[in-house]
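As structure tokens, the structure follows; a few thoughts come after it.
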Amino acid sequence: MRILLVEDDERIAHFIVKGLKENSYAVDHVPDGESALFRADVSDYDLVILDLMIPGKDGFEVCGELRSEGKDVPVLMLTARDALEDRIQGLDLGADDYLTKPFEFGELLARIRALLRRPRGEMLLTKFEIGDLSIDSRSQTATGKGDPIELTTKEYALLEYFARNADRVIGREDISEHVWNEKFDPFSNLIEVYVNRLRQKLRPFVDTPVIVTKRGAGYILSTKKTAAGPDTA
């Protein structure tokens, strides 16, 4: 795995590079934003470790440009600033994780391993449209043909998960893992209850997509208009 480290503090950079190489990672190190963007253009990295306060273009700008260019490489931001606003801004610009200095090297390794386990090419959009449905994940709102759809927090979470996996069959296990938590009772009918609620709330606002039940498999948010029935929205 090849990692790009963007860090202007030579002492910290040496510490990180040494530790990563000892853990069998290939590492390229640059000290500023312009060099980082150049390296990212000419090489295919598996991960970018990006310090926030670097010369020239700062970490926010570098991360924003990487995402605007369509690069889906995971980005782990490092910073000595622990302000909530900074973390929110970094994540909104497309950073995948955020680690505050000082940190234990073991934690850095754990976060790197977690990011590298994620499939590439799955950048999360903040605004997207599917048929008559529009979703804004920052404000956690949905509209149908321009009209707001009133949803509870859990209903919105379920809708967004369906939307991000449109036209793909999603099983109960996937839904419980991504929308609920480890305390979810696998024998509960809560998923069915929420799916039905969501169908009822979508019906007045959208013709497509529709939520279709796949017997024995799960559900699919289908962008194909389907004849109304008990298994659709």
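Naming works like this for the structure tokens: A, B, ... for the chains as they're shown, residue 1 at the start of each chain, ligands 1 onward in shown order.
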Contacts of Glu10 (chain A) within 12 Å, only C-alpha atoms, excl. fewer than 6 positions in-chain, as an MDAnalysis selection string: chainID A and resid 16:18 29:32 54
Expected answer as a count of residues only: strand (DSSP E or B) residues in region 12-219 of chain A: 41
Env of region 161-167 of chain A: 12 Å cut, atoms = only C-alpha atoms, seq-sep filter 5 positions within chain, self excluded. Answer as an MDAnalysis selection string. chainID A and resid 122:137 140 142 154:156 172 174:180 195 198:199 208:214 218:225
Determine, counting only C-alpha atoms, which protein, DNA and RNA residues have an atom within 7 Å of an atom of Ile3 (chain A); residues of the same chain fewer than 2 positions away are not included. Present the result as a list in words. Met1, Leu5, Ala26, Val27, Asp28, Tyr45, Asp46, Leu47 and Val48 of chain A
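Using only C-alpha atoms, the nearest neighbour of Lys145 (chain A) within the list A:Leu84, A:Leu76, A:Leu202, A:Leu20 is A:Leu202.
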With distances taken over only C-alpha atoms, the candidate from A:Glu85, A:Leu158, A:Gly90, A:Ala80 nearest Cys63 (chain A) is A:Gly90
